[in-house]
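Participant: My file is start33.cif. It has mmCIF, C-alpha atoms:
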```cif
data_upload
#
loop_
_atom_site.label_atom_id
_atom_site.label_comp_id
_atom_site.auth_asym_id
_atom_site.auth_seq_id
_atom_site.Cartn_x
_atom_site.Cartn_y
_atom_site.Cartn_z
CA MET A 279 26.35 -28.13 35.98
CA PRO A 280 25.62 -27.04 32.38
CA ASP A 281 24.35 -23.53 31.74
CA ALA A 282 20.59 -23.14 31.40
CA PRO A 283 19.22 -22.48 27.90
CA ILE A 284 17.75 -19.21 29.23
CA GLU A 285 18.77 -17.36 32.38
CA ALA A 286 17.39 -13.81 32.48
CA SER A 287 17.47 -11.51 35.48
CA GLY A 288 16.08 -8.07 36.23
CA LEU A 289 15.00 -7.28 32.66
CA VAL A 290 13.72 -3.72 32.19
CA ARG A 291 12.70 -2.01 28.97
CA ARG A 292 11.25 1.48 28.58
CA PHE A 293 9.82 3.15 25.50
CA GLY A 294 9.81 6.83 26.38
CA ALA A 295 7.74 7.26 29.51
CA THR A 296 6.20 3.79 29.12
CA VAL A 297 7.73 0.92 31.08
CA ALA A 298 7.05 -2.13 28.90
CA VAL A 299 8.99 -4.60 31.07
CA ALA A 300 9.70 -3.95 34.73
CA GLY A 301 12.26 -6.24 36.37
CA VAL A 302 11.38 -9.70 35.03
CA ASP A 303 13.41 -12.83 35.87
CA LEU A 304 13.12 -15.98 33.76
CA ARG A 305 14.78 -19.38 33.70
CA VAL A 306 14.11 -22.14 31.16
CA GLY A 307 15.72 -25.56 31.60
CA PRO A 308 16.58 -28.16 28.95
CA GLY A 309 13.69 -30.31 27.78
CA ARG A 310 11.14 -27.99 29.42
CA VAL A 311 8.26 -26.28 27.66
CA HIS A 312 7.92 -22.90 29.36
CA GLY A 313 4.86 -20.79 28.63
CA MET A 314 4.79 -17.02 28.77
CA ALA A 315 1.19 -15.96 29.18
CA GLY A 316 -0.46 -12.60 29.57
CA PRO A 317 -3.06 -10.29 28.10
CA ASN A 318 -2.34 -8.21 25.01
CA GLY A 319 0.10 -5.41 25.83
CA ALA A 320 1.47 -7.20 28.89
CA GLY A 321 5.09 -7.13 27.63
CA LYS A 322 5.42 -10.70 26.33
CA THR A 323 6.70 -9.81 22.86
CA THR A 324 9.16 -7.25 24.24
CA LEU A 325 10.52 -9.90 26.60
CA LEU A 326 11.00 -12.38 23.75
CA ALA A 327 12.68 -9.68 21.64
CA MET A 328 15.14 -8.95 24.46
CA ILE A 329 15.92 -12.65 24.87
CA LEU A 330 16.67 -12.94 21.13
CA GLY A 331 18.76 -9.76 21.14
CA LEU A 332 16.37 -7.82 18.91
CA VAL A 333 15.77 -5.22 21.63
CA ARG A 334 18.39 -4.10 24.12
CA PRO A 335 17.26 -4.07 27.77
CA ASP A 336 17.64 -0.85 29.74
CA ALA A 337 18.62 -2.97 32.74
CA GLY A 338 19.18 -6.63 33.49
CA GLU A 339 20.91 -9.43 31.61
CA VAL A 340 20.04 -12.35 29.35
CA ARG A 341 22.21 -15.47 29.19
CA LEU A 342 21.63 -18.15 26.55
CA PHE A 343 23.58 -21.28 27.40
CA GLY A 344 25.81 -18.99 29.47
CA ARG A 345 26.45 -16.55 26.61
CA THR A 346 25.36 -12.89 26.48
CA HIS A 347 24.54 -10.70 23.49
CA ALA A 348 26.91 -7.99 24.73
CA ALA A 349 29.94 -10.26 25.15
CA ASP A 350 29.35 -12.85 22.43
CA GLY A 351 27.46 -11.01 19.70
CA ALA A 352 25.84 -13.27 17.10
CA ARG A 353 27.42 -16.33 18.71
CA ALA A 354 25.03 -15.87 21.63
CA LEU A 355 22.33 -17.30 19.34
CA ASP A 356 24.20 -20.49 18.44
CA GLY A 357 21.73 -23.34 18.85
CA VAL A 358 18.79 -20.93 19.18
CA GLY A 359 15.87 -20.70 16.76
CA GLY A 360 12.58 -18.89 16.84
CA PHE A 361 10.47 -15.93 15.78
CA VAL A 362 8.82 -12.91 17.36
CA GLU A 363 5.46 -11.63 16.09
CA ALA A 364 4.35 -12.77 12.63
CA PRO A 365 7.22 -14.36 10.63
CA ALA A 366 8.11 -12.31 7.51
CA PHE A 367 9.18 -13.77 4.15
CA TYR A 368 9.65 -12.69 0.53
CA PRO A 369 6.17 -13.13 -0.99
CA TYR A 370 7.44 -13.56 -4.57
CA LEU A 371 9.64 -16.53 -3.62
CA THR A 372 8.53 -20.06 -2.85
CA GLY A 373 8.56 -21.42 0.66
CA ARG A 374 11.57 -23.58 -0.20
CA ALA A 375 13.47 -20.63 -1.75
CA ASN A 376 12.85 -18.48 1.35
CA LEU A 377 14.31 -21.19 3.55
CA ALA A 378 17.26 -21.58 1.18
CA LEU A 379 18.12 -17.90 1.63
CA LEU A 380 18.00 -18.27 5.40
CA ALA A 381 20.06 -21.47 5.25
CA ASP A 382 22.77 -19.73 3.21
CA LEU A 383 22.97 -16.97 5.79
CA ASP A 384 23.26 -19.52 8.59
CA GLY A 385 25.57 -22.05 6.94
CA GLY A 386 26.47 -25.10 8.98
CA GLY A 387 24.59 -27.58 6.82
CA ALA A 388 21.24 -25.84 7.20
CA ARG A 389 20.50 -26.33 3.49
CA ASP A 390 20.52 -30.08 4.01
CA ARG A 391 17.67 -29.75 6.52
CA ILE A 392 15.26 -27.74 4.33
CA GLY A 393 13.23 -30.73 3.12
CA ALA A 394 13.02 -32.26 6.57
CA VAL A 395 11.85 -29.08 8.33
CA LEU A 396 9.23 -28.38 5.64
CA GLU A 397 7.81 -31.86 6.24
CA LEU A 398 7.92 -31.38 10.02
CA ALA A 399 6.00 -28.13 9.68
CA GLY A 400 3.42 -29.72 7.37
CA LEU A 401 4.44 -27.74 4.28
CA GLY A 402 6.03 -30.45 2.14
CA ALA A 403 3.28 -30.29 -0.49
CA ALA A 404 3.30 -26.45 -0.61
CA ALA A 405 7.07 -25.94 -0.61
CA GLY A 406 7.10 -25.00 -4.31
CA ALA A 407 4.31 -22.42 -4.08
CA ARG A 408 4.97 -18.70 -3.71
CA VAL A 409 4.60 -17.43 -0.17
CA GLY A 410 2.36 -14.59 -1.41
CA GLY A 411 -0.32 -17.21 -1.94
CA TYR A 412 0.07 -18.78 1.50
CA SER A 413 -2.66 -18.46 4.10
CA VAL A 414 -1.89 -16.95 7.52
CA GLY A 415 -1.60 -20.45 8.95
CA MET A 416 0.79 -21.56 6.20
CA ARG A 417 3.04 -18.56 6.86
CA GLN A 418 3.02 -19.50 10.52
CA ARG A 419 4.08 -23.03 9.60
CA LEU A 420 6.87 -21.61 7.41
CA GLY A 421 8.05 -19.54 10.38
CA LEU A 422 8.25 -22.71 12.44
CA ALA A 423 10.18 -24.46 9.65
CA ALA A 424 12.63 -21.54 9.53
CA ALA A 425 13.14 -21.75 13.30
CA LEU A 426 13.93 -25.46 13.00
CA LEU A 427 16.53 -24.92 10.25
CA ARG A 428 19.16 -24.22 12.89
CA ASP A 429 18.57 -27.61 14.55
CA PRO A 430 18.02 -25.66 17.77
CA ARG A 431 18.57 -26.70 21.35
CA LEU A 432 16.42 -23.71 22.35
CA LEU A 433 13.25 -22.77 20.46
CA ILE A 434 11.53 -19.41 21.10
CA LEU A 435 8.05 -19.05 19.61
CA ASP A 436 5.68 -16.09 19.76
CA GLU A 437 2.04 -17.27 19.52
CA PRO A 438 3.03 -20.29 17.36
CA THR A 439 -0.53 -21.53 16.78
CA SER A 440 -1.97 -18.15 15.82
CA GLY A 441 -3.89 -18.39 12.55
CA LEU A 442 -3.87 -22.19 12.50
CA ASP A 443 -6.97 -24.34 12.19
CA PRO A 444 -7.63 -27.02 14.85
CA SER A 445 -5.66 -29.62 12.89
CA GLY A 446 -2.71 -27.26 12.56
CA ARG A 447 -2.77 -26.41 16.26
CA ARG A 448 -2.76 -30.12 17.08
CA ASP A 449 0.24 -30.69 14.78
CA VAL A 450 2.26 -27.82 16.28
CA ARG A 451 1.52 -28.96 19.83
CA ALA A 452 2.60 -32.51 18.98
CA LEU A 453 5.82 -31.20 17.40
CA VAL A 454 6.64 -29.04 20.43
CA ALA A 455 6.07 -32.00 22.76
CA ARG A 456 8.28 -34.20 20.57
CA LEU A 457 11.12 -31.64 20.54
CA ALA A 458 10.96 -31.23 24.31
CA GLY A 459 11.13 -35.01 24.64
CA GLU A 460 14.38 -34.86 22.67
CA GLY A 461 15.82 -32.35 25.15
CA VAL A 462 15.05 -29.10 23.31
CA ALA A 463 14.08 -26.21 25.59
CA VAL A 464 10.99 -24.37 24.34
CA LEU A 465 9.80 -20.91 25.36
CA LEU A 466 6.47 -19.96 23.83
CA SER A 467 4.14 -17.06 24.36
CA SER A 468 0.39 -17.50 24.36
CA HIS A 469 -2.73 -15.75 25.60
CA ASP A 470 -4.58 -19.10 25.55
CA MET A 471 -4.40 -20.78 28.96
CA ASP A 472 -5.89 -23.99 27.54
CA GLU A 473 -2.91 -24.20 25.19
CA VAL A 474 -0.51 -23.48 28.06
CA GLU A 475 -2.14 -26.22 30.12
CA ASP A 476 -1.90 -28.72 27.23
CA LEU A 477 1.73 -27.97 26.33
CA CYS A 478 3.72 -26.45 29.15
CA ASP A 479 5.62 -27.70 32.18
CA ASP A 480 6.17 -24.21 33.59
CA VAL A 481 4.63 -20.80 33.05
CA THR A 482 5.43 -17.16 33.63
CA ILE A 483 2.34 -14.95 33.68
CA VAL A 484 3.05 -11.34 32.76
CA ALA A 485 0.79 -8.34 33.36
CA GLY A 486 1.66 -4.67 33.24
CA GLY A 487 5.25 -5.56 32.37
CA ARG A 488 5.75 -7.59 35.56
CA ALA A 489 5.82 -11.31 36.26
CA VAL A 490 2.79 -11.90 38.49
CA PHE A 491 3.43 -15.66 38.59
CA ASP A 492 6.43 -17.83 37.78
CA GLY A 493 6.40 -21.56 38.52
CA THR A 494 5.18 -24.97 37.47
CA LEU A 495 1.71 -25.75 36.18
CA ALA A 496 1.15 -27.84 39.32
CA GLU A 497 1.94 -24.81 41.51
CA LEU A 498 -0.47 -22.66 39.51
CA ARG A 499 -3.21 -25.27 39.82
CA GLY A 500 -2.70 -25.20 43.58
CA ARG A 501 -3.50 -21.48 43.58
CA ALA A 502 -6.37 -21.71 41.10
CA PRO A 503 -10.04 -21.25 42.02
CA ALA A 504 -12.50 -24.03 41.29
CA PRO A 505 -13.52 -24.28 37.64
CA ALA A 506 -16.89 -22.81 36.64
CA PHE A 507 -19.64 -24.64 34.74
CA ARG A 508 -22.87 -23.55 33.06
CA LEU A 509 -25.75 -25.76 34.17
CA ALA A 510 -29.32 -25.95 32.88
CA THR A 511 -31.82 -28.22 34.63
CA GLY A 512 -35.50 -29.05 34.62
CA ASP A 513 -35.89 -27.22 37.94
CA ASP A 514 -33.22 -24.56 38.46
CA PRO A 515 -34.55 -23.27 41.83
CA ALA A 516 -34.41 -26.81 43.25
CA ALA A 517 -30.92 -27.29 41.80
CA LEU A 518 -29.78 -24.02 43.36
CA ALA A 519 -31.10 -25.04 46.77
CA LEU A 520 -29.50 -28.48 46.51
CA ALA A 521 -26.06 -26.99 45.78
CA ALA A 522 -25.97 -25.59 49.32
CA ASP A 523 -26.13 -29.15 50.68
CA VAL A 524 -23.14 -30.47 48.69
CA PRO A 525 -19.73 -29.58 50.24
CA GLY A 526 -17.36 -27.77 47.89
CA VAL A 527 -20.11 -26.65 45.49
CA THR A 528 -21.37 -23.08 45.05
CA ALA A 529 -24.03 -21.99 42.58
CA GLU A 530 -25.66 -18.77 41.50
CA ALA A 531 -28.65 -18.11 39.29
CA ARG A 532 -28.11 -16.69 35.81
CA ASP A 533 -30.58 -15.74 33.07
CA ASP A 534 -29.71 -18.92 31.15
CA GLY A 535 -29.49 -21.30 34.12
CA LEU A 536 -26.94 -21.68 36.90
CA LEU A 537 -23.23 -20.91 37.21
CA VAL A 538 -21.71 -23.67 39.33
CA ARG A 539 -18.20 -23.59 40.80
CA ALA A 540 -16.77 -26.87 42.05
CA PRO A 541 -13.76 -29.17 41.69
CA ARG A 542 -14.62 -31.90 39.21
CA GLU A 543 -14.98 -34.62 41.86
CA ARG A 544 -17.43 -32.46 43.83
CA LEU A 545 -19.29 -31.62 40.62
CA ASP A 546 -19.80 -35.35 40.08
CA ALA A 547 -21.31 -35.65 43.55
CA TYR A 548 -23.61 -32.70 42.86
CA VAL A 549 -24.86 -34.13 39.55
CA ILE A 550 -25.53 -37.49 41.23
CA ALA A 551 -27.46 -35.67 43.95
CA LEU A 552 -29.54 -33.87 41.32
CA GLY A 553 -30.45 -37.20 39.73
CA ARG A 554 -31.45 -38.71 43.05
CA ALA A 555 -33.65 -35.69 43.72
CA GLY A 556 -35.38 -36.09 40.36
CA VAL A 557 -33.89 -32.88 38.89
CA ALA A 558 -33.08 -33.44 35.20
CA VAL A 559 -29.74 -32.12 33.92
CA ARG A 560 -30.37 -30.66 30.46
CA ALA A 561 -26.96 -29.07 29.77
CA LEU A 562 -23.60 -28.90 31.51
CA ALA A 563 -20.64 -27.08 29.96
CA LEU A 564 -17.29 -25.74 31.15
CA GLU A 565 -17.41 -21.96 31.48
CA SER A 566 -13.90 -21.34 32.80
CA SER A 567 -11.14 -23.83 33.65
CA ALA A 568 -9.23 -23.60 36.92
CA LEU A 569 -6.12 -22.24 35.16
CA ARG A 570 -8.13 -19.65 33.26
CA GLY A 571 -9.61 -18.57 36.56
CA ALA A 572 -6.13 -18.23 38.06
CA PHE A 573 -4.97 -16.27 34.99
CA PHE A 574 -7.82 -13.76 35.31
CA ALA A 575 -7.33 -13.43 39.06
CA LEU A 576 -3.61 -12.71 38.61
CA THR A 577 -3.87 -10.31 35.68
CA GLU A 578 -7.03 -8.28 36.27
CA GLY A 579 -6.14 -4.84 37.57
CA ALA A 580 -2.39 -5.44 37.22
CA ASP A 581 -2.00 -2.34 35.04
CA ALA A 582 -3.58 -0.13 37.66
#
```
Would you put the structure from the file into C-alpha cells?

Facilitator:
Amino acid sequence: MPDAPIEASGLVRRFGATVAVAGVDLRVGPGRVHGMAGPNGAGKTTLLAMILGLVRPDAGEVRLFGRTHAADGARALDGVGGFVEAPAFYPYLTGRANLALLADLDGGGARDRIGAVLELAGLGAAAGARVGGYSVGMRQRLGLAAALLRDPRLLILDEPTSGLDPSGRRDVRALVARLAGEGVAVLLSSHDMDEVEDLCDDVTIVAGGRAVFDGTLAELRGRAPAPAFRLATGDDPAALALAADVPGVTAEARDDGLLVRAPRERLDAYVIALGRAGVAVRALALESSALRGAFFALTEGADA
C-alpha cells in the first residue's frame, strides 16, 4: 500500500507558555480535498507550517509520502507545493520573473511550466506587470501559480481564496476540484464552512489547538443541527403557531420575523402548510447552514 501524502500524529507546538497545537492527528489521502477549518487563532496556520517543515513540532511526527523532515531534509518536500499565510514576492519584479527565480531554485524543469501555471492561476495577461502593482487577489493567484510550479502530488494551501472576488473564488475552487480529479491530494485551510462544503471530501475542525472533529463531510452532516432560516410572513403569530403542528419544524419570534429551524424537506412541508392556511410568505432566507451550525457547536467554548 503506497504511503499517504500526509500522515501526521500527535503534533504539539508550544510558544512559551502558550500551547498552539495540542496533540493533533491528520491523514490526507491521494485525490482527496481535505479542509482544515477553525476560528482565527485555532492553530490552523501553525499546523500547516509544521507539515511543510517551517516550524518544528515539540512532539509528534509528520510524514509526507512516507518521508520525514528530520530524516530526509529538503527531499521530504519532493512533490509538495503550497503556501502558508499570504504569499510573499519581490514587488519590483514581474510576476513571471518572480516565478523564474523560484523555478531556478527548484530546477527539475520548473521553468518550462511557468507559462502554463500563470494561465491556470488566471494571471496570463498580468504576467509582465510588476507585483508591486498587483491587487491582494492577484498576489494570491501568484501564490497558487508558485505552488503549482513543482507539479505537486500534494498541494497545501492556507486560505487560498482570501482576497479574491467571487469570480476568482469560483476559478480557484474549480482548479482545486480538477487537480483532485487528477489524483493530487489537497489540504486547505479555511474559516468559511460554505467553501469547505463546496470543495472538500473530508474536514478537520480545529479549536483551541485541538482537533474537535476529524472525518468526512457526510459524517459531519450527520452530526449537524437543522439549518436555520429567516422567515417573514403576512401573519407571523399565525405562522409561529402553525410551526408547532409540522413535525421537524421549530420556530421562534424575532424582531424582524421568525427564525425557523428545519431540514429542507420539512421546511417545504411547512411553507406548503402556510400557503394552505392563507399565510403569505414575504421573505425566506438561509440564516445558517447545517455545517455552519455544526462548526459553531463544535468550536464555541473550546478555548475555555

Participant: Check which residues satisfy the PyMOL selection byres ((chain A and resi 552-560) around 10) in the file shown, then give them as a PyMOL selection string.

Facilitator: chain A and resi 509-514+516-517+520-521+546-551+561-562

Participant: Please produce a file of those selected residues containing C-alpha atoms, as a PDB file, in the frame of the given file.

Facilitator:
```pdb
ATOM      1  CA  LEU A 509     -25.750 -25.760  34.170  1.00  0.00           C
ATOM      2  CA  ALA A 510     -29.320 -25.950  32.880  1.00  0.00           C
ATOM      3  CA  THR A 511     -31.820 -28.220  34.630  1.00  0.00           C
ATOM      4  CA  GLY A 512     -35.500 -29.050  34.620  1.00  0.00           C
ATOM      5  CA  ASP A 513     -35.890 -27.220  37.940  1.00  0.00           C
ATOM      6  CA  ASP A 514     -33.220 -24.560  38.460  1.00  0.00           C
ATOM      7  CA  ALA A 516     -34.410 -26.810  43.250  1.00  0.00           C
ATOM      8  CA  ALA A 517     -30.920 -27.290  41.800  1.00  0.00           C
ATOM      9  CA  LEU A 520     -29.500 -28.480  46.510  1.00  0.00           C
ATOM     10  CA  ALA A 521     -26.060 -26.990  45.780  1.00  0.00           C
ATOM     11  CA  ASP A 546     -19.800 -35.350  40.080  1.00  0.00           C
ATOM     12  CA  ALA A 547     -21.310 -35.650  43.550  1.00  0.00           C
ATOM     13  CA  TYR A 548     -23.610 -32.700  42.860  1.00  0.00           C
ATOM     14  CA  VAL A 549     -24.860 -34.130  39.550  1.00  0.00           C
ATOM     15  CA  ILE A 550     -25.530 -37.490  41.230  1.00  0.00           C
ATOM     16  CA  ALA A 551     -27.460 -35.670  43.950  1.00  0.00           C
ATOM     17  CA  ALA A 561     -26.960 -29.070  29.770  1.00  0.00           C
ATOM     18  CA  LEU A 562     -23.600 -28.900  31.510  1.00  0.00           C
TER      19      LEU A 562
END
```

Participant: Which residues, protein or nucleic acid, reach to within 9 Å of (20.0, -27.3, 2.1) in the file's coordinates when using all atoms listed in the file, and can you give that as a PyMOL selection string?

Facilitator: chain A and resi 377-378+381-382+387-393

Participant: Can you measure atom CA of A:Phe507 to atom CA of A:Ala572 for me? One decimal in Å is fine.

Facilitator: 15.3 Å

Participant: Taking only C-alpha atoms into account, name the residue in A:Val490, A:Leu432, A:Leu569, A:Leu477 that is nearest to A:Ala504.

Facilitator: A:Leu569

Participant: Under the PyMOL selection byres ((chain A and resi 570) around 12), which residues of this model are included? Write them out as a short mmCIF file (atom, residue, chain, number, x, y, z; two decimals) with C-alpha atoms, keeping the file's coordinate frame.

Facilitator:
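Result file selection.cif:
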```cif
data_model
loop_
_atom_site.label_atom_id
_atom_site.label_comp_id
_atom_site.auth_asym_id
_atom_site.auth_seq_id
_atom_site.Cartn_x
_atom_site.Cartn_y
_atom_site.Cartn_z
CA ALA A 315 1.19 -15.96 29.18
CA GLY A 316 -0.46 -12.60 29.57
CA PRO A 317 -3.06 -10.29 28.10
CA HIS A 469 -2.73 -15.75 25.60
CA ASP A 470 -4.58 -19.10 25.55
CA MET A 471 -4.40 -20.78 28.96
CA ASP A 472 -5.89 -23.99 27.54
CA GLU A 473 -2.91 -24.20 25.19
CA VAL A 474 -0.51 -23.48 28.06
CA GLU A 475 -2.14 -26.22 30.12
CA ILE A 483 2.34 -14.95 33.68
CA LEU A 495 1.71 -25.75 36.18
CA LEU A 498 -0.47 -22.66 39.51
CA ARG A 499 -3.21 -25.27 39.82
CA ARG A 501 -3.50 -21.48 43.58
CA ALA A 502 -6.37 -21.71 41.10
CA PRO A 503 -10.04 -21.25 42.02
CA ALA A 504 -12.50 -24.03 41.29
CA PRO A 505 -13.52 -24.28 37.64
CA ALA A 506 -16.89 -22.81 36.64
CA LEU A 564 -17.29 -25.74 31.15
CA GLU A 565 -17.41 -21.96 31.48
CA SER A 566 -13.90 -21.34 32.80
CA SER A 567 -11.14 -23.83 33.65
CA ALA A 568 -9.23 -23.60 36.92
CA LEU A 569 -6.12 -22.24 35.16
CA GLY A 571 -9.61 -18.57 36.56
CA ALA A 572 -6.13 -18.23 38.06
CA PHE A 573 -4.97 -16.27 34.99
CA PHE A 574 -7.82 -13.76 35.31
CA ALA A 575 -7.33 -13.43 39.06
CA LEU A 576 -3.61 -12.71 38.61
CA THR A 577 -3.87 -10.31 35.68
CA GLU A 578 -7.03 -8.28 36.27
#
```

Participant: Take the PyMOL selection byres ((chain A and resi 428-431) around 10), apply it to the structure above, and return the hits as a PyMOL selection string.

Facilitator: chain A and resi 283+308-309+343+355-360+380-381+384-389+391+395+423-427+432-434+457-458+460-464

Participant: Which neighbours of A:Thr494 fall inside 7 Å, counting only C-alpha atoms, when residues of the same chain fewer than 3 positions from it are skipped, and could you give them as an MDAnalysis selection string?

Facilitator: chainID A and resid 479:481 497:498

Participant: Which value, in Å to one decimal, gives the distance between atom CA of A:Thr346 and atom CA of A:Ala455?

Facilitator: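 Atom CA of A:Ala455 lies at a distance of 27.4 Å from atom CA of A:Thr346.
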
Participant: Since fewer atoms than expected are present, regenerate N, CA and C atoms for stretch 378-395 of chain A and write them as a short mmCIF file (atom, residue, chain, number, x, y, z; two decimals), keeping the file's coordinate frame.

Facilitator:
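Final output, out-v5.cif:
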```cif
data_model
loop_
_atom_site.label_atom_id
_atom_site.label_comp_id
_atom_site.auth_asym_id
_atom_site.auth_seq_id
_atom_site.Cartn_x
_atom_site.Cartn_y
_atom_site.Cartn_z
N ALA A 378 15.91 -21.47 1.74
CA ALA A 378 17.26 -21.58 1.18
C ALA A 378 18.07 -20.31 1.45
N LEU A 379 17.43 -19.15 1.32
CA LEU A 379 18.12 -17.90 1.63
C LEU A 379 18.55 -17.86 3.09
N LEU A 380 17.65 -18.25 3.98
CA LEU A 380 18.00 -18.27 5.40
C LEU A 380 19.10 -19.28 5.69
N ALA A 381 19.04 -20.44 5.03
CA ALA A 381 20.06 -21.47 5.25
C ALA A 381 21.42 -20.99 4.80
N ASP A 382 21.49 -20.25 3.69
CA ASP A 382 22.77 -19.73 3.21
C ASP A 382 23.35 -18.71 4.17
N LEU A 383 22.49 -17.93 4.80
CA LEU A 383 22.97 -16.97 5.79
C LEU A 383 23.52 -17.68 7.02
N ASP A 384 22.88 -18.78 7.38
CA ASP A 384 23.26 -19.52 8.59
C ASP A 384 24.46 -20.43 8.36
N GLY A 385 24.50 -21.08 7.19
CA GLY A 385 25.57 -22.05 6.94
C GLY A 385 25.41 -23.26 7.83
N GLY A 386 26.49 -23.97 8.06
CA GLY A 386 26.47 -25.10 8.98
C GLY A 386 25.59 -26.25 8.57
N GLY A 387 25.40 -26.44 7.27
CA GLY A 387 24.59 -27.58 6.82
C GLY A 387 23.10 -27.37 6.89
N ALA A 388 22.67 -26.10 7.09
CA ALA A 388 21.24 -25.84 7.20
C ALA A 388 20.49 -26.18 5.92
N ARG A 389 21.15 -26.01 4.76
CA ARG A 389 20.50 -26.33 3.49
C ARG A 389 20.06 -27.80 3.43
N ASP A 390 20.84 -28.65 4.05
CA ASP A 390 20.52 -30.08 4.01
C ASP A 390 19.26 -30.41 4.80
N ARG A 391 18.83 -29.49 5.67
CA ARG A 391 17.67 -29.75 6.52
C ARG A 391 16.38 -29.15 5.97
N ILE A 392 16.44 -28.46 4.83
CA ILE A 392 15.26 -27.74 4.33
C ILE A 392 14.08 -28.70 4.10
N GLY A 393 14.32 -29.79 3.39
CA GLY A 393 13.23 -30.73 3.12
C GLY A 393 12.64 -31.30 4.38
N ALA A 394 13.49 -31.64 5.33
CA ALA A 394 13.02 -32.26 6.57
C ALA A 394 12.17 -31.29 7.39
N VAL A 395 12.60 -30.02 7.49
CA VAL A 395 11.85 -29.08 8.33
C VAL A 395 10.53 -28.68 7.66
#
```
